[in-house]
Structure formats: C-alpha cells, structure tokens
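One structure is given here, and the rest of the page talks about it.
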Amino acid sequence: MHLSEWEAARFTRSEAEETEWGKLFETRKHILGELEKARQDKTIGKSLDAKVSWIGFSENGAEVERAQENELKELLNVSQFIIEGVARQQDSPVWTAAVKKADGQKCERCWHWETDVGTNTEHPTLCSRCVEAATALSHA
C-alpha cells in the first residue's frame, strides 16, 4: 500500500550548486587514481588510512576552495584532506595530490585516523567527534 501511494519528488539543484558539485566530483576523479596507487604501493590499506594533500590549478582560477576540504574528505572517504594551494595556471590545468598515511590514531568508532584520539580519559579510544556523539547519546 505504501508504494502505491508514494510519489517520487523531483530533485533539482541551482546552476551554482551544479557547478560547485561538478568541480568537487572532477577533483575526486583525479584523486581516486592517486589513492589507488598508494594502495598498490602499500602506503595505505584503505582510503580511511589516507591523508591527501592537494594542489590544484585551473584555467579560470576557480577551483575548489579551502572551505570545501570537508566535502572532499567525505567524497573521497579519507581521514584527512588538506588543500595546500589553489592557483591559476596559464598553459593548461594542472593538479598534484600527495597521498600519505594519515596522522594520529584510528578511532575505534568511526575508523577515521585523528590526532585527538586518546585525549578524553573517559573514552581513550575515540576521537573528539565520536566522544561528543557518545556523550550526547548517554545523556538522551
């Protein structure tokens, strides 16, 4: 009965959102290859083991900005993502991505590598984000 009454809603995005997400997915496409090379080289085991440092250049100088680091971290499923620089390249678009083992320790709840794991004495194996979530759940 539920399925017979449900009508799918049309999902739309503004042109600005389309452009922004297009840049993010284009950047992701380039970095996925570098993550695979790091896996093959045994630098990382899985993407959550990675710290990605990225420098991007574009023909129009309008590449991904530092404010989008978190979005790319999630799209790539890596523990750390840092935009080292964004600049205008005159001749052709260029980018570089360095993949290294992530800094810190692995959180036993979210499996992200974080530098703040162990800083909370009540939850020594969790990162601060997971400590916050665990604390909120225990007080609910």
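Ordered as shown in the structure tokens, chains take letters A, B, and onward, while each chain numbers its residues from 1 and ligands are numbered from 1 in the order shown.
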
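By only C-alpha atoms, and with residues fewer than 5 positions from Ala98 in chain A along its chain excluded, the set lying at most 9 Å from it is Ile31, Glu34, Leu35, Lys51, Val52, Ser53, Trp54 and Ile55 of chain A.
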
List every residue of chain A that DSSP, applied to the backbone, labels as strand (DSSP E), and write the result as a PyMOL selection string. chain A and resi 50-58+80-88+95-101+105-106+113-114

Just to be explicit: take each residue in the selection above, keep N, CA and C atoms, and write the result as a CSV table (one decimal), in the first residue's frame.
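Written out: again.csv:
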chain,number,residue,atom,x,y,z
A,50,ALA,N,44.2,7.2,4.7
A,50,ALA,CA,45.0,8.2,4.0
A,50,ALA,C,44.8,9.7,4.5
A,51,LYS,N,45.9,10.4,4.2
A,51,LYS,CA,45.9,11.9,4.3
A,51,LYS,C,46.3,12.4,2.9
A,52,VAL,N,45.4,13.2,2.3
A,52,VAL,CA,45.6,13.7,1.0
A,52,VAL,C,46.0,15.2,1.1
A,53,SER,N,47.1,15.5,0.5
A,53,SER,CA,47.5,16.9,0.3
A,53,SER,C,47.3,17.3,-1.2
A,54,TRP,N,46.6,18.3,-1.5
A,54,TRP,CA,46.2,18.6,-2.9
A,54,TRP,C,46.6,20.0,-3.2
A,55,ILE,N,47.1,20.2,-4.4
A,55,ILE,CA,47.3,21.5,-5.0
A,55,ILE,C,46.7,21.5,-6.4
A,56,GLY,N,45.7,22.4,-6.6
A,56,GLY,CA,45.0,22.4,-7.8
A,56,GLY,C,45.2,23.7,-8.6
A,57,PHE,N,45.2,23.6,-9.9
A,57,PHE,CA,45.2,24.8,-10.7
A,57,PHE,C,44.1,24.6,-11.8
A,58,SER,N,43.6,25.8,-12.2
A,58,SER,CA,42.6,25.7,-13.3
A,58,SER,C,42.8,26.8,-14.3
A,80,GLN,N,42.0,12.5,6.3
A,80,GLN,CA,42.4,13.9,6.3
A,80,GLN,C,42.6,14.3,4.9
A,81,PHE,N,42.1,15.6,4.6
A,81,PHE,CA,42.2,16.2,3.3
A,81,PHE,C,42.6,17.6,3.5
A,82,ILE,N,43.7,18.0,2.9
A,82,ILE,CA,44.2,19.4,3.0
A,82,ILE,C,44.5,20.0,1.6
A,83,ILE,N,43.9,21.1,1.4
A,83,ILE,CA,44.2,21.8,0.2
A,83,ILE,C,45.4,22.7,0.5
A,84,GLU,N,46.5,22.4,-0.2
A,84,GLU,CA,47.8,23.1,0.1
A,84,GLU,C,47.8,24.4,-0.7
A,85,GLY,N,47.1,24.4,-1.8
A,85,GLY,CA,47.1,25.6,-2.6
A,85,GLY,C,46.2,25.5,-3.8
A,86,VAL,N,45.7,26.7,-4.3
A,86,VAL,CA,44.9,26.8,-5.5
A,86,VAL,C,45.5,28.0,-6.2
A,87,ALA,N,45.8,27.8,-7.4
A,87,ALA,CA,46.4,29.0,-8.2
A,87,ALA,C,46.0,28.9,-9.7
A,88,ARG,N,46.2,29.9,-10.4
A,88,ARG,CA,45.9,30.0,-11.8
A,88,ARG,C,47.1,29.5,-12.6
A,95,TRP,N,47.2,19.6,-11.6
A,95,TRP,CA,47.0,19.4,-10.2
A,95,TRP,C,48.0,18.4,-9.7
A,96,THR,N,48.2,18.4,-8.4
A,96,THR,CA,49.0,17.3,-7.8
A,96,THR,C,48.3,16.9,-6.5
A,97,ALA,N,48.5,15.6,-6.2
A,97,ALA,CA,47.9,15.1,-5.0
A,97,ALA,C,49.0,14.2,-4.4
A,98,ALA,N,49.3,14.4,-3.1
A,98,ALA,CA,50.2,13.5,-2.4
A,98,ALA,C,49.4,12.7,-1.4
A,99,VAL,N,49.5,11.4,-1.4
A,99,VAL,CA,48.8,10.5,-0.5
A,99,VAL,C,49.8,9.9,0.4
A,100,LYS,N,49.5,10.1,1.7
A,100,LYS,CA,50.4,9.6,2.8
A,100,LYS,C,49.5,8.9,3.8
A,101,LYS,N,50.2,8.2,4.7
A,101,LYS,CA,49.5,7.6,5.8
A,101,LYS,C,48.9,8.7,6.7
A,105,GLN,N,45.9,8.5,15.4
A,105,GLN,CA,45.5,7.1,15.7
A,105,GLN,C,44.1,6.8,15.1
A,106,LYS,N,43.8,5.6,15.0
A,106,LYS,CA,42.5,5.2,14.4
A,106,LYS,C,41.4,5.2,15.5
A,113,TRP,N,41.3,8.2,11.1
A,113,TRP,CA,42.6,8.5,11.8
A,113,TRP,C,42.5,9.9,12.2
A,114,GLU,N,42.6,10.2,13.5
A,114,GLU,CA,42.6,11.5,14.1
A,114,GLU,C,43.7,11.8,15.1

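Interatomic distance, CA of Thr43 in chain A to CA of Lys73 in chain A: 18.0 Å.
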
Smallest atom-to-atom distance to Glu36 in chain A: which of A:Glu132, A:Gly118, A:Leu76, A:Glu15, using only C-alpha atoms?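 Once distances to Glu36 in chain A are computed over only C-alpha atoms, the minimum belongs to A:Leu76.
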
So which bits of range 7-128 of chain A end up helix (DSSP H, G or I) when you DSSP the backbone, as a PyMOL selection string? chain A and resi 15-40+47-49+66-76+128

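In this model, the gap between CA of Leu72 in chain A and CA of Leu48 in chain A comes to 12.7 Å.
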